[in-house]
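Structure first, commentary second.
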Amino acid sequence: MPIVRLPVSCGRLFLLAVVFVFSGCSGSDMVDPPPISAELQNELETWFARHGQPPGDYVAGLFEDHDVVLLGEMHRFRHDELLVQEMIPRLHAEGVNVLATEFARRKDQALVDSLVMSPEWNEDLGREILFRMFMPWGFREYLDVFKAAWRVNRERPTGRPPFRILGVNNNLDYSHLRSEADRNDPKVRKLVEGGQTEADWAVPVLAAVEQGEKVLAHCGIHHAFTGFRQPRVVDGAFAGYGRLRFGNHLRDVLGERAVTVYLHAPWNTASGYNAEFVHPADGRLDAFMLMRDGGPFLVGFDVAASPLGDLPIENAVYRHGHEPFTLARFCDGCIYTKPVSEYEPVTYIENWINERNVERARANTMNPCWRDFSIAQLNEGCRSYIADHHRFYGRLR
């Protein structure tokens with residue numbers, strides 16, 4: 001399911017505690033990434049000039065010798081969703097005809113097929129698919145990923161196969177959460193999950209590969225891990241590895257024909273998943289981009305072959321259980337879009353919760369104290385999800 005940090009108190013919502021996203025942040029408030037040496041700066045400049053690629057070219061090229069490319073995002077950044085939208089027509093032209101997405105359920109596959117193959121765009125159906133996936137996910141840019149697939153199918157030349165979107169997410173029933181304590185109760189969690197795991201996510205993707213398809217998978221980075229095992233961290237210490245993720249299951253079957261491409265975004269510090277955010281990989285890529293004479297640029301690249309691949313990383317939650325931790329252990333490829341200080345949140349769809357869906361919203365909210373909320377309060381709560389990462393908006397450069 002999508003990574004979220006819910007309001008800690010029923011009496012207040014994120015939106016009330018956050019000065020919306022970029023306001024009140026001056027340049028003096030921003031934290032620079034740690035500087036890198038002139039030697040590494042020059043080495044990276046030369047290497048990217050030879051090996052860096054526009055993201056669309058980079059991802060398309062990966063399909064020459066891979067069956068599944070997993071794009072792992074942090075969630076709710078506008079530029080990541082625009083990138084996926086832009087890739088759909090490009091990949092379709094290259095013969096990649098399937099996008100697997102976290103943002104639709106397997107149970108709703110017939111609805112997804114109907115949406116992207118419809119003669120006319122059906123806005124209400126698109127919203128319904130997102131709503132069923134996760135009630136608060138009322139974000140325009142995610143909906144427009146489906147619209148990009150619909151547009152490709154409407155405009156495709158005669159004889160070219162249609163572009164499909166495969167919903168891979170589970171059918172989670174949050175109505176079992178009746179109190180705050182239920183969230184951490186393993187018995188209740190089993191009821192919510194209904195016996196489903198991320199192994200189930202992999203089933204439709206593997207079926208598509210078996211039929212000869214190449215698949216771009218779009219999901220949160222923790223789901224996208226293939227060769228990397230996600231650590232559990234308690235009080236800043238390694239507490240074993242978590243359950244296998246979507247990409248791990250694909251790697252188990254497909255080997256290195258399934259790869260992870262990380263969409264650049266901040267990481268939590270080594271203290272844990274609720275710790276402060278820092279630039280990823282000890283800030284070396286961010287520092288390079290901000291220090292170079294021509295400024296930052298959009299680029300996709302293979303991590304292991306790059307000068308960044310084997311450099312040890314210290315301040316990252318992911319280093320636990322993976323010492324020495326490196327970027328090459330974390331992902332196979334990376335796409336850098338822009339400096340963190342320029343990130344924009346996705347757009348909330350106004351009136352997402354309304355008279356038609358309010359009762360279902362109350363019944364299947366992940367936050368039990370929302371069950372008695374009014375329509376206005378529910379919309380405010382859902383909107384607050386785009387302010388989730390306010391701890392670095394306008395702070396990290």
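We label chains A, B, ... in the order they appear in the structure tokens, count residues from 1 in each chain, and number ligands from 1 in the order shown.
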Can you check which residues of region 188-308 of chain A DSSP gives as strand (DSSP E or B) on the backbone and send them as number ranges by chain?
A: 215-220, 231-234, 237-241, 258-263, 267-268, 277-278, 299-302
If you run DSSP on the backbone here, which positions in region 273-330 of chain A get helix (DSSP H, G or I)? Please write them as number ranges by chain.
A: 280-291, 317-319, 327-330
Please produce a file of those selected residues containing N, CA and C atoms, as an mmCIF file, in the first residue's frame.
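Result file follows (result.cif):
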data_model
loop_
_atom_site.group_PDB
_atom_site.id
_atom_site.type_symbol
_atom_site.label_atom_id
_atom_site.label_comp_id
_atom_site.auth_asym_id
_atom_site.auth_seq_id
_atom_site.Cartn_x
_atom_site.Cartn_y
_atom_site.Cartn_z
ATOM 1 N N PRO A 280 19.723 11.805 -0.458
ATOM 2 C CA PRO A 280 20.064 10.377 -0.567
ATOM 3 C C PRO A 280 21.542 10.170 -0.854
ATOM 4 N N ALA A 281 22.031 8.991 -0.462
ATOM 5 C CA ALA A 281 23.415 8.577 -0.750
ATOM 6 C C ALA A 281 24.422 9.606 -0.262
ATOM 7 N N ASP A 282 24.209 10.081 0.959
ATOM 8 C CA ASP A 282 25.082 11.082 1.585
ATOM 9 C C ASP A 282 25.205 12.356 0.763
ATOM 10 N N GLY A 283 24.242 12.608 -0.108
ATOM 11 C CA GLY A 283 24.146 13.890 -0.812
ATOM 12 C C GLY A 283 25.114 14.100 -1.946
ATOM 13 N N ARG A 284 25.809 13.052 -2.377
ATOM 14 C CA ARG A 284 26.856 13.262 -3.392
ATOM 15 C C ARG A 284 26.286 13.688 -4.737
ATOM 16 N N LEU A 285 25.187 13.049 -5.180
ATOM 17 C CA LEU A 285 24.604 13.428 -6.467
ATOM 18 C C LEU A 285 24.025 14.832 -6.396
ATOM 19 N N ASP A 286 23.352 15.164 -5.291
ATOM 20 C CA ASP A 286 22.801 16.514 -5.135
ATOM 21 C C ASP A 286 23.907 17.558 -5.130
ATOM 22 N N ALA A 287 24.999 17.256 -4.420
ATOM 23 C CA ALA A 287 26.114 18.200 -4.351
ATOM 24 C C ALA A 287 26.720 18.423 -5.731
ATOM 25 N N PHE A 288 26.902 17.345 -6.471
ATOM 26 C CA PHE A 288 27.438 17.468 -7.829
ATOM 27 C C PHE A 288 26.564 18.364 -8.689
ATOM 28 N N MET A 289 25.247 18.127 -8.644
ATOM 29 C CA MET A 289 24.343 18.901 -9.482
ATOM 30 C C MET A 289 24.339 20.378 -9.111
ATOM 31 N N LEU A 290 24.374 20.682 -7.833
ATOM 32 C CA LEU A 290 24.325 22.071 -7.399
ATOM 33 C C LEU A 290 25.646 22.796 -7.607
ATOM 34 N N MET A 291 26.751 22.056 -7.643
ATOM 35 C CA MET A 291 28.068 22.671 -7.775
ATOM 36 C C MET A 291 28.499 22.865 -9.222
ATOM 37 N N VAL A 317 18.740 5.189 6.487
ATOM 38 C CA VAL A 317 18.029 4.124 7.191
ATOM 39 C C VAL A 317 18.298 2.767 6.540
ATOM 40 N N TYR A 318 18.603 2.792 5.237
ATOM 41 C CA TYR A 318 18.776 1.548 4.496
ATOM 42 C C TYR A 318 20.125 0.877 4.738
ATOM 43 N N ARG A 319 21.034 1.538 5.421
ATOM 44 C CA ARG A 319 22.357 0.938 5.623
ATOM 45 C C ARG A 319 22.312 -0.220 6.609
ATOM 46 N N LEU A 327 25.124 2.705 -3.013
ATOM 47 C CA LEU A 327 23.998 2.955 -3.909
ATOM 48 C C LEU A 327 23.777 1.775 -4.852
ATOM 49 N N ALA A 328 24.852 1.090 -5.238
ATOM 50 C CA ALA A 328 24.717 -0.058 -6.131
ATOM 51 C C ALA A 328 24.015 -1.228 -5.462
ATOM 52 N N ARG A 329 24.068 -1.312 -4.139
ATOM 53 C CA ARG A 329 23.319 -2.355 -3.434
ATOM 54 C C ARG A 329 21.837 -1.998 -3.362
ATOM 55 N N PHE A 330 21.541 -0.719 -3.374
ATOM 56 C CA PHE A 330 20.180 -0.226 -3.194
ATOM 57 C C PHE A 330 19.346 -0.332 -4.467
#
So, counting only C-alpha atoms, which residue among A:Phe238, A:Phe103, A:Phe48, A:Phe163 is closest to His322 (chain A)?
A:Phe238
Please provide as a PyMOL selection string all residues within 9 Å of Arg78 (chain A), with the sequence filter that same-chain residues fewer than 4 positions apart are discarded (counting only C-alpha atoms).
chain A and resi 82-83+141-142+343-347
For the selection just defined, write its residues with N, CA and C atoms to a file, as an mmCIF file, in the first residue's frame.
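As written to disk, selection-v5.cif reads:
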data_model
loop_
_atom_site.group_PDB
_atom_site.id
_atom_site.type_symbol
_atom_site.label_atom_id
_atom_site.label_comp_id
_atom_site.auth_asym_id
_atom_site.auth_seq_id
_atom_site.Cartn_x
_atom_site.Cartn_y
_atom_site.Cartn_z
ATOM 1 N N LEU A 82 4.466 13.053 -13.771
ATOM 2 C CA LEU A 82 4.575 13.574 -15.133
ATOM 3 C C LEU A 82 5.556 12.749 -15.947
ATOM 4 N N LEU A 83 6.628 12.298 -15.305
ATOM 5 C CA LEU A 83 7.610 11.460 -15.990
ATOM 6 C C LEU A 83 6.977 10.152 -16.454
ATOM 7 N N GLU A 141 -2.406 14.028 -10.724
ATOM 8 C CA GLU A 141 -1.330 13.502 -11.550
ATOM 9 C C GLU A 141 -1.343 11.974 -11.616
ATOM 10 N N TYR A 142 -1.780 11.313 -10.549
ATOM 11 C CA TYR A 142 -1.909 9.854 -10.599
ATOM 12 C C TYR A 142 -3.060 9.446 -11.518
ATOM 13 N N TYR A 343 11.028 20.546 -5.644
ATOM 14 C CA TYR A 343 9.955 19.559 -5.731
ATOM 15 C C TYR A 343 8.602 20.229 -5.469
ATOM 16 N N GLU A 344 7.590 19.782 -6.193
ATOM 17 C CA GLU A 344 6.227 20.242 -5.999
ATOM 18 C C GLU A 344 5.332 19.056 -5.663
ATOM 19 N N PRO A 345 4.350 19.257 -4.812
ATOM 20 C CA PRO A 345 3.435 18.149 -4.508
ATOM 21 C C PRO A 345 2.447 17.932 -5.650
ATOM 22 N N VAL A 346 1.824 16.776 -5.643
ATOM 23 C CA VAL A 346 0.743 16.518 -6.583
ATOM 24 C C VAL A 346 -0.454 17.403 -6.244
ATOM 25 N N THR A 347 -1.437 17.411 -7.138
ATOM 26 C CA THR A 347 -2.596 18.290 -7.030
ATOM 27 C C THR A 347 -3.795 17.528 -6.473
#
Counting only C-alpha atoms, what is within 7 Å of His249 (chain A), bar same-chain residues fewer than 4 positions away, as a PyMOL selection string?
chain A and resi 199+202+244-245+253
Generate a file of the selected residues that holds C-alpha atoms, formatted as a PDB file, in the first residue's frame.
ATOM      1  CA  ALA A 199       3.746 -12.054  -3.769  1.00  0.00           C
ATOM      2  CA  ALA A 202       3.840 -10.213  -8.806  1.00  0.00           C
ATOM      3  CA  LEU A 244       9.751  -9.728   0.757  1.00  0.00           C
ATOM      4  CA  ARG A 245       8.540  -6.895  -1.430  1.00  0.00           C
ATOM      5  CA  VAL A 253      11.570 -15.681 -10.596  1.00  0.00           C
TER       6      VAL A 253
END
Using only C-alpha atoms, which residues of region 61-104 of chain A come within 9 Å of region 257-277 of chain A, and what is the closest atom pair for each, with the distance in Å to one decimal? Give it as a Markdown table, sorted by chain and residue number.
| residue | atom | partner | partner_atom | distance |
| --- | --- | --- | --- | --- |
| A:Leu62 | CA | A:Val259 | CA | 8.8 |
| A:Phe63 | CA | A:Arg257 | CA | 9.0 |
| A:Asp65 | CA | A:Arg257 | CA | 6.9 |
| A:His66 | CA | A:Arg257 | CA | 4.3 |
| A:Asp67 | CA | A:Arg257 | CA | 5.4 |
| A:Val68 | CA | A:Ala258 | CA | 4.7 |
| A:Val69 | CA | A:Val259 | CA | 5.2 |
| A:Leu70 | CA | A:Thr260 | CA | 4.9 |
| A:Leu71 | CA | A:Val261 | CA | 5.0 |
| A:Gly72 | CA | A:Tyr262 | CA | 5.0 |
| A:Glu73 | CA | A:Leu263 | CA | 5.2 |
| A:Met74 | CA | A:Ala265 | CA | 6.4 |
| A:Asp80 | CA | A:Leu263 | CA | 7.2 |
Write the residues of the preceding selection, restricted to N, CA and C atoms, as a PDB file, in the first residue's frame.
ATOM      1  N   LEU A  62      16.774  -0.006 -21.173  1.00  0.00           N
ATOM      2  CA  LEU A  62      16.826  -1.116 -20.222  1.00  0.00           C
ATOM      3  C   LEU A  62      16.022  -2.317 -20.702  1.00  0.00           C
ATOM      4  N   PHE A  63      14.971  -2.064 -21.475  1.00  0.00           N
ATOM      5  CA  PHE A  63      14.128  -3.168 -21.937  1.00  0.00           C
ATOM      6  C   PHE A  63      14.791  -4.004 -23.025  1.00  0.00           C
ATOM      7  N   ASP A  65      17.428  -5.739 -22.569  1.00  0.00           N
ATOM      8  CA  ASP A  65      17.850  -6.986 -21.937  1.00  0.00           C
ATOM      9  C   ASP A  65      17.229  -7.197 -20.566  1.00  0.00           C
ATOM     10  N   HIS A  66      16.057  -6.584 -20.336  1.00  0.00           N
ATOM     11  CA  HIS A  66      15.299  -6.814 -19.105  1.00  0.00           C
ATOM     12  C   HIS A  66      13.828  -6.969 -19.446  1.00  0.00           C
ATOM     13  N   ASP A  67      13.132  -7.756 -18.638  1.00  0.00           N
ATOM     14  CA  ASP A  67      11.701  -7.970 -18.841  1.00  0.00           C
ATOM     15  C   ASP A  67      10.842  -7.009 -18.037  1.00  0.00           C
ATOM     16  N   VAL A  68      11.297  -6.668 -16.830  1.00  0.00           N
ATOM     17  CA  VAL A  68      10.539  -5.772 -15.954  1.00  0.00           C
ATOM     18  C   VAL A  68      11.471  -4.691 -15.415  1.00  0.00           C
ATOM     19  N   VAL A  69      11.063  -3.454 -15.561  1.00  0.00           N
ATOM     20  CA  VAL A  69      11.771  -2.312 -14.970  1.00  0.00           C
ATOM     21  C   VAL A  69      10.833  -1.696 -13.945  1.00  0.00           C
ATOM     22  N   LEU A  70      11.264  -1.679 -12.687  1.00  0.00           N
ATOM     23  CA  LEU A  70      10.448  -1.107 -11.616  1.00  0.00           C
ATOM     24  C   LEU A  70      10.918   0.317 -11.327  1.00  0.00           C
ATOM     25  N   LEU A  71      10.022   1.265 -11.519  1.00  0.00           N
ATOM     26  CA  LEU A  71      10.288   2.659 -11.155  1.00  0.00           C
ATOM     27  C   LEU A  71       9.826   2.866  -9.718  1.00  0.00           C
ATOM     28  N   GLY A  72      10.755   3.125  -8.801  1.00  0.00           N
ATOM     29  CA  GLY A  72      10.428   3.278  -7.398  1.00  0.00           C
ATOM     30  C   GLY A  72      10.438   4.731  -6.971  1.00  0.00           C
ATOM     31  N   GLU A  73       9.291   5.222  -6.526  1.00  0.00           N
ATOM     32  CA  GLU A  73       9.154   6.621  -6.144  1.00  0.00           C
ATOM     33  C   GLU A  73       8.941   6.760  -4.643  1.00  0.00           C
ATOM     34  N   MET A  74       9.079   7.992  -4.156  1.00  0.00           N
ATOM     35  CA  MET A  74       8.802   8.273  -2.756  1.00  0.00           C
ATOM     36  C   MET A  74       7.306   8.504  -2.531  1.00  0.00           C
ATOM     37  N   ASP A  80       7.463  13.205 -10.692  1.00  0.00           N
ATOM     38  CA  ASP A  80       7.544  11.760 -10.910  1.00  0.00           C
ATOM     39  C   ASP A  80       6.354  11.254 -11.720  1.00  0.00           C
TER      40      ASP A  80
END
Find, counting only C-alpha atoms, the residue in A:Leu177, A:Ala237, A:Val278, A:Ile221 that gets nearest to Arg371 (chain A).
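That would be A:Leu177, the residue with the smallest distance to Arg371 (chain A).
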Calculated over only C-alpha atoms, which of the candidates A:Gly321, A:Pro136, A:Gly61, A:Pro312 has the smallest distance to Arg232 (chain A)?
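Looking only at the distances to Arg232 (chain A), the closest residue turns out to be A:Gly321.
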With a distance cut-off of 12 Å and only C-alpha atoms, select the neighbouring residues of Lys107 (chain A), excluding the residue or stretch itself and same-chain residues fewer than 6 positions from it, and output the selection as a VMD selection string.
chain A and resid 113 129 132 to 133 166 to 172 200 to 201 204
N, CA and C atoms of the current selection, written as a PDB file, in the first residue's frame:
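Final output, saved to again.pdb:
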ATOM      1  N   ASP A 113      -9.218  -1.901 -17.508  1.00  0.00           N
ATOM      2  CA  ASP A 113      -9.251  -2.172 -18.949  1.00  0.00           C
ATOM      3  C   ASP A 113     -10.324  -1.339 -19.641  1.00  0.00           C
ATOM      4  N   ILE A 129     -11.511   4.094  -9.557  1.00  0.00           N
ATOM      5  CA  ILE A 129     -10.406   3.134  -9.471  1.00  0.00           C
ATOM      6  C   ILE A 129      -9.399   3.562  -8.417  1.00  0.00           C
ATOM      7  N   ARG A 132     -10.976   3.240  -4.825  1.00  0.00           N
ATOM      8  CA  ARG A 132     -11.019   1.865  -4.340  1.00  0.00           C
ATOM      9  C   ARG A 132      -9.631   1.380  -3.926  1.00  0.00           C
ATOM     10  N   MET A 133      -8.594   1.863  -4.620  1.00  0.00           N
ATOM     11  CA  MET A 133      -7.237   1.459  -4.290  1.00  0.00           C
ATOM     12  C   MET A 133      -6.845   1.939  -2.904  1.00  0.00           C
ATOM     13  N   LEU A 166      -1.905  -2.716 -15.704  1.00  0.00           N
ATOM     14  CA  LEU A 166      -2.245  -3.811 -14.802  1.00  0.00           C
ATOM     15  C   LEU A 166      -2.283  -3.286 -13.367  1.00  0.00           C
ATOM     16  N   GLY A 167      -3.414  -3.397 -12.725  1.00  0.00           N
ATOM     17  CA  GLY A 167      -3.485  -3.107 -11.298  1.00  0.00           C
ATOM     18  C   GLY A 167      -2.884  -4.271 -10.524  1.00  0.00           C
ATOM     19  N   VAL A 168      -1.956  -3.991  -9.608  1.00  0.00           N
ATOM     20  CA  VAL A 168      -1.322  -5.082  -8.863  1.00  0.00           C
ATOM     21  C   VAL A 168      -1.626  -5.040  -7.369  1.00  0.00           C
ATOM     22  N   ASN A 169      -2.204  -3.944  -6.876  1.00  0.00           N
ATOM     23  CA  ASN A 169      -2.371  -3.792  -5.436  1.00  0.00           C
ATOM     24  C   ASN A 169      -3.411  -4.767  -4.880  1.00  0.00           C
ATOM     25  N   ASN A 170      -3.273  -5.039  -3.597  1.00  0.00           N
ATOM     26  CA  ASN A 170      -4.210  -5.929  -2.909  1.00  0.00           C
ATOM     27  C   ASN A 170      -5.512  -5.215  -2.578  1.00  0.00           C
ATOM     28  N   ASN A 171      -6.491  -5.994  -2.162  1.00  0.00           N
ATOM     29  CA  ASN A 171      -7.778  -5.468  -1.729  1.00  0.00           C
ATOM     30  C   ASN A 171      -7.761  -5.404  -0.204  1.00  0.00           C
ATOM     31  N   LEU A 172      -7.386  -4.251   0.346  1.00  0.00           N
ATOM     32  CA  LEU A 172      -7.232  -4.103   1.795  1.00  0.00           C
ATOM     33  C   LEU A 172      -8.517  -3.562   2.415  1.00  0.00           C
ATOM     34  N   ASP A 200       1.406 -11.628  -4.253  1.00  0.00           N
ATOM     35  CA  ASP A 200       0.222 -11.540  -5.114  1.00  0.00           C
ATOM     36  C   ASP A 200       0.365 -10.421  -6.135  1.00  0.00           C
ATOM     37  N   TRP A 201       1.088  -9.361  -5.770  1.00  0.00           N
ATOM     38  CA  TRP A 201       1.339  -8.284  -6.733  1.00  0.00           C
ATOM     39  C   TRP A 201       2.056  -8.811  -7.969  1.00  0.00           C
ATOM     40  N   PRO A 204       0.205 -11.030 -11.732  1.00  0.00           N
ATOM     41  CA  PRO A 204      -0.169 -10.564 -13.078  1.00  0.00           C
ATOM     42  C   PRO A 204       1.026 -10.104 -13.904  1.00  0.00           C
TER      43      PRO A 204
END
